[in-house]
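Peer 1: The structure that follows is given in the form of structure tokens.
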Protein chains: 2
Amino acid sequence: MSANQPIIHVVDDDPSFCTAVTRLLHAAKYEVRGYRSAAAFLDSDACADPGCILLDLRMPGVNGLDLQQSLAQTEGRLPIIFLSGHGDVPTSVRAMKAGALDFLTKPVERATLLRAVQNALEVDAAETKSRAILRELRRSYETLTAREREVLAHVVSGKLNKQIAFALGTSERTIKAHRARITEKLAIRSVAELVRIAQSLGIEPIR
Amino acid sequence: MSANQPIIHVVDDDPSFCTAVTRLLHAAKYEVRGYRSAAAFLDSDACADPGCILLDLRMPGVNGLDLQQSLAQTEGRLPIIFLSGHGDVPTSVRAMKAGALDFLTKPVERATLLRAVQNALEVDAAETKSRAILRELRRSYETLTAREREVLAHVVSGKLNKQIAFALGTSERTIKAHRARITEKLAIRSVAELVRIAQSLGIEPIR
DNA sequence: TGAGGAATTGTACTTTGGTGCAATACGGCG
DNA sequence: CGCCGTATTGCACCAAAGTACAATTCCTCA
């Protein structure tokens with residue numbers, strides 16, 4: 001259920017182009033799925049598997065940039081390569097600023113496309129992996145109580161137990177109890193590890 | 001010597017355009033410096049002060065992309081905004097991938113240019129600041145002896161002193177001596193701080 | 001209302017980390 | 001050769017962190 005074959009999602013309203021690209025990618029042993037419109041793509045749950053998106057810029061209804069915008073806020077988003085027949089400079093710049101991996105012009109060279117796709121799949125693999133790690137960290141962080149999170153924030157700031165106790169108005173012994181629970185819940189083996197975890201969760205040190 | 005006024009470096013071989021842009025930026029209270037060619041810019045030591053670069057794409061001799069390439073590897077580089085009269089999509093994409101902040105087309109709207117410049121100056125300020133911090137960290141890290149760096153790598157991996165001692169074939173007391181010197185040289189006040197410093201220096205935890 | 005989670009705290013003991021004081025050993029440099 | 005920096009180590013002691021065993025209080029949910 002995890003190491004699926006990557007899928008290349010081709011979103012383009014031009015049937016002939018779609019067919020050509022699909023054939024080209026098939027020849028390179030990629031699994032391809034085509035969509036006639038941005039809406040069609042949004043209706044599918046494409047982002048479950050690894051892959052990338054080849055996105056036409058100009059389409060009836062929702063255009064490529066709009067689709068990119070929508071996808072930008074989704075959880076397991078896929079890397080986007082734009083494919084445009086009549087894209088202008090401002091549009092390509094906007095797309096790149098919004099995080100597109102590439103912005104190719106039709107007709108696209110076979111080698112260029114394959115290189116871009118290959119790169120996108122590598123980026124996706126890396127992003128998927130780090131997202132999975134982060135999700136797992138967040139999951140265990142959420143098992144902490146509010147108080148434990150307060151203590152954690154102080155710990156990763158390098159505070160001594162007695163300082164934390166004073167800051168929270170409790171006793172040193174209590175802080176030790178909280179730390180023990182934090183260590184257990186997060187399966188930590190050292191403060192160093194805790195600091196790194198807090199870092200990736202975006203927990204800023206106090207003072 | 002530090003909080004100088006930002007300087008906008010305009011690199012363009014077209015005198016009339018150069019003048020126009022300079023006038024526009026002057027009116028917005030920016031200090032401007034013009035260059036007739038990429039070579040002229042490289043000869044100056046522009047990157048000493050805060051600022052940004054407005055770079056023409058097509059110029060005789062070294063073109064804009066080449067200059068961007070050269071600057072990419074320099075120490076105190078400035079953010080680049082491309083200004084192009086006849087840029088095409090592939091070129092703009094290439095520039096953006098190489099880290100350009102923006103890629104504007106001539107003739108450029110006054111407001112658009114000012115917005116881009118404003119943004120570039122903010123980016124430059126942020127980058128300069130973090131570069132300064134990093135440089136300072138590296139400087140103090142370099143005062144550590146080879147042995148102390150070994151110990152540091154183990155410490156930020158969360159190892160106990162006795163484990164480090166075993167790994168390095170010495171005694172626990174020796175590790176304590178090294179740690180004391182590390183703490184002093186880096187002016188550290190907690191292990192948490194040390195972990196964060198090591199992180200920004202790219203020191204990976206051992207095992 | 002009773003079970004259970006959460007926060008709190010105490011006492012006591014062990015393990016780690018940090019420090020002061022001191023000494024030994026090795027290699028480069030003037 | 002003698003000085004200096006680096007690495008090493010011992011002993012003793014204190015401070016900080018972690019743990020075992022327990023107990024109390026408060027609040028929520030079934």
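Please note that chains go A, B, ... in the order of the structure tokens, that every chain numbers its residues from 1, and that ligands are numbered from 1 in the order shown.
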Do a neighbour search on segment 165-174 of chain B at 10 Å with only C-alpha atoms (C1' of nucleotides), toss out local chain neighbours closer than 2 positions, and write the hits as an MDAnalysis selection string.

Peer 2: (chainID B and resid 147 150:151 154 159:163 176:180) or (chainID D and resid 7:10)

Peer 1: Near DT6 of chain D, counting only C-alpha atoms (C1' of nucleotides), which residues have an atom at most 10 Å away, once you skip same-chain residues fewer than 5 positions from it, shown as a PyMOL selection string?

Peer 2: (chain B and resi 145+147) or (chain C and resi 26-27)

Peer 1: I'd like to know which of B:Ala153, B:Ile175, B:Ile133, B:Ile188 is closest to Glu204 of chain B, using only C-alpha atoms.

Peer 2: B:Ala153

Peer 1: Distance table requested - chain B against chain A, cut-off 10 Å, only C-alpha atoms: one row per qualifying residue with the closest atom pair and its distance in Å to one decimal, ordered by chain and rising residue number, as JSON lines.

Peer 2:
```
{"residue": "B:Ser84", "atom": "CA", "partner": "A:Val89", "partner_atom": "CA", "distance": 9.8}
{"residue": "B:His86", "atom": "CA", "partner": "A:Val89", "partner_atom": "CA", "distance": 9.6}
{"residue": "B:Gly87", "atom": "CA", "partner": "A:Val89", "partner_atom": "CA", "distance": 7.2}
{"residue": "B:Asp88", "atom": "CA", "partner": "A:Val89", "partner_atom": "CA", "distance": 6.2}
{"residue": "B:Val89", "atom": "CA", "partner": "A:Val89", "partner_atom": "CA", "distance": 5.0}
{"residue": "B:Pro90", "atom": "CA", "partner": "A:Leu104", "partner_atom": "CA", "distance": 7.2}
{"residue": "B:Thr91", "atom": "CA", "partner": "A:Val89", "partner_atom": "CA", "distance": 8.8}
{"residue": "B:Ser92", "atom": "CA", "partner": "A:Val89", "partner_atom": "CA", "distance": 6.5}
{"residue": "B:Val93", "atom": "CA", "partner": "A:Phe103", "partner_atom": "CA", "distance": 6.6}
{"residue": "B:Arg94", "atom": "CA", "partner": "A:Asp102", "partner_atom": "CA", "distance": 9.0}
{"residue": "B:Ala95", "atom": "CA", "partner": "A:Val93", "partner_atom": "CA", "distance": 9.3}
{"residue": "B:Met96", "atom": "CA", "partner": "A:Met96", "partner_atom": "CA", "distance": 6.8}
{"residue": "B:Lys97", "atom": "CA", "partner": "A:Met96", "partner_atom": "CA", "distance": 7.8}
{"residue": "B:Ala100", "atom": "CA", "partner": "A:Lys97", "partner_atom": "CA", "distance": 9.8}
{"residue": "B:Leu101", "atom": "CA", "partner": "A:Lys97", "partner_atom": "CA", "distance": 8.4}
{"residue": "B:Asp102", "atom": "CA", "partner": "A:Val93", "partner_atom": "CA", "distance": 7.2}
{"residue": "B:Phe103", "atom": "CA", "partner": "A:Val93", "partner_atom": "CA", "distance": 6.6}
{"residue": "B:Leu104", "atom": "CA", "partner": "A:Pro90", "partner_atom": "CA", "distance": 7.2}
{"residue": "B:Thr105", "atom": "CA", "partner": "A:Pro90", "partner_atom": "CA", "distance": 7.7}
{"residue": "B:Val155", "atom": "CA", "partner": "A:Ala192", "partner_atom": "CA", "distance": 8.0}
{"residue": "B:Val156", "atom": "CA", "partner": "A:Ala192", "partner_atom": "CA", "distance": 5.7}
{"residue": "B:Ser157", "atom": "CA", "partner": "A:Ala192", "partner_atom": "CA", "distance": 6.3}
{"residue": "B:Gly158", "atom": "CA", "partner": "A:Ala192", "partner_atom": "CA", "distance": 5.1}
{"residue": "B:Lys159", "atom": "CA", "partner": "A:Ser190", "partner_atom": "CA", "distance": 7.6}
{"residue": "B:Leu160", "atom": "CA", "partner": "A:Ser190", "partner_atom": "CA", "distance": 9.0}
{"residue": "B:Arg189", "atom": "CA", "partner": "A:Gly158", "partner_atom": "CA", "distance": 7.5}
{"residue": "B:Ser190", "atom": "CA", "partner": "A:Gly158", "partner_atom": "CA", "distance": 5.1}
{"residue": "B:Val191", "atom": "CA", "partner": "A:Gly158", "partner_atom": "CA", "distance": 6.6}
{"residue": "B:Ala192", "atom": "CA", "partner": "A:Gly158", "partner_atom": "CA", "distance": 5.1}
{"residue": "B:Glu193", "atom": "CA", "partner": "A:Gly158", "partner_atom": "CA", "distance": 6.8}
{"residue": "B:Leu194", "atom": "CA", "partner": "A:Ala192", "partner_atom": "CA", "distance": 8.8}
{"residue": "B:Val195", "atom": "CA", "partner": "A:Ala192", "partner_atom": "CA", "distance": 6.1}
{"residue": "B:Arg196", "atom": "CA", "partner": "A:Val195", "partner_atom": "CA", "distance": 7.6}
{"residue": "B:Gln199", "atom": "CA", "partner": "A:Arg196", "partner_atom": "CA", "distance": 8.4}
{"residue": "B:Pro205", "atom": "CA", "partner": "A:Ala192", "partner_atom": "CA", "distance": 9.2}
```

Peer 1: Can you list every residue in segment 4-41 of chain A that DSSP puts in strand (DSSP E), as a VMD selection string?

Peer 2: chain A and resid 7 to 11 31 to 35

Peer 1: May I ask which of the residues A:Leu65, A:Gly76, A:Lys185, A:Ala20 is the closest one to Lys129 of chain A, counting only C-alpha atoms?

Peer 2: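 Selected residue with least distance to Lys129 of chain A: A:Gly76.
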
Peer 1: Kindly provide, as a list in words, the residues of chain C having any atom no farther than 12 Å from an atom of chain A, counting only C-alpha atoms (C1' of nucleotides).

Peer 2: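 The selection requested is DG5, DA6, DA7, DT8, DT9, DG10 and DT11 of chain C.
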
Peer 1: Pick the closest to Leu137 of chain B from B:Ile206, B:Leu83, B:Leu201, B:Cys52: which is it, counting only C-alpha atoms?

Peer 2: B:Leu201

Peer 1: Expressed in Å to a single decimal, how great is the separation between atom C1' of DC13 of chain D and atom C1' of DT15 of chain C?

Peer 2: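 Pair atom C1' of DC13 of chain D / atom C1' of DT15 of chain C returns 15.3 Å.
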
Peer 1: Could you check the closest approach to chain D for each of A:Thr183, A:Ile81, A:Arg110, A:Glu75 and tell me which residue wins, using only C-alpha atoms (C1' of nucleotides)?

Peer 2: A:Thr183

Peer 1: Give me the residues of chain D that have any atom at most 10 Å from an atom of chain A; for each, the nearest atom pair and the distance in Å, rounded to one decimal. Use only C-alpha atoms (C1' of nucleotides), sort by chain and number, and format it as JSON lines.

Peer 2:
```
{"residue": "D:DA16", "atom": "C1'", "partner": "A:Leu160", "partner_atom": "CA", "distance": 7.8}
{"residue": "D:DA17", "atom": "C1'", "partner": "A:Lys176", "partner_atom": "CA", "distance": 8.0}
{"residue": "D:DG18", "atom": "C1'", "partner": "A:Lys176", "partner_atom": "CA", "distance": 7.7}
{"residue": "D:DT19", "atom": "C1'", "partner": "A:Ala180", "partner_atom": "CA", "distance": 9.2}
```

Peer 1: Please dump the current selection as a PDB file, in the first residue's frame; keep N, CA, C and O atoms (P, O5', C5', C4', C3', O3' and C1' of nucleotides).

Peer 2:
```pdb
ATOM      1  P    DA D  16      22.131  23.142  40.147  1.00  0.00           P
ATOM      2  O5'  DA D  16      21.798  21.890  39.224  1.00  0.00           O
ATOM      3  C5'  DA D  16      22.613  21.658  38.083  1.00  0.00           C
ATOM      4  C4'  DA D  16      22.094  20.480  37.298  1.00  0.00           C
ATOM      5  C3'  DA D  16      20.570  20.435  37.185  1.00  0.00           C
ATOM      6  O3'  DA D  16      20.249  20.169  35.831  1.00  0.00           O
ATOM      7  C1'  DA D  16      21.401  18.394  38.098  1.00  0.00           C
ATOM      8  P    DA D  17      18.734  19.946  35.386  1.00  0.00           P
ATOM      9  O5'  DA D  17      18.694  18.363  35.249  1.00  0.00           O
ATOM     10  C5'  DA D  17      19.681  17.717  34.458  1.00  0.00           C
ATOM     11  C4'  DA D  17      19.408  16.234  34.403  1.00  0.00           C
ATOM     12  C3'  DA D  17      17.946  15.866  34.154  1.00  0.00           C
ATOM     13  O3'  DA D  17      17.925  14.825  33.197  1.00  0.00           O
ATOM     14  C1'  DA D  17      18.716  14.824  36.132  1.00  0.00           C
ATOM     15  P    DG D  18      16.507  14.217  32.742  1.00  0.00           P
ATOM     16  O5'  DG D  18      16.455  12.841  33.554  1.00  0.00           O
ATOM     17  C5'  DG D  18      17.539  11.934  33.415  1.00  0.00           C
ATOM     18  C4'  DG D  18      17.254  10.665  34.213  1.00  0.00           C
ATOM     19  C3'  DG D  18      15.815  10.157  34.100  1.00  0.00           C
ATOM     20  O3'  DG D  18      15.870   8.736  34.001  1.00  0.00           O
ATOM     21  C1'  DG D  18      16.353  10.487  36.363  1.00  0.00           C
ATOM     22  P    DT D  19      14.495   7.910  33.776  1.00  0.00           P
ATOM     23  O5'  DT D  19      14.483   6.847  34.941  1.00  0.00           O
ATOM     24  C5'  DT D  19      15.438   6.921  35.996  1.00  0.00           C
ATOM     25  C4'  DT D  19      15.009   6.025  37.153  1.00  0.00           C
ATOM     26  C3'  DT D  19      13.586   5.480  37.082  1.00  0.00           C
ATOM     27  O3'  DT D  19      13.552   4.195  37.671  1.00  0.00           O
ATOM     28  C1'  DT D  19      13.792   6.852  38.987  1.00  0.00           C
TER      29       DT D  19
END
```
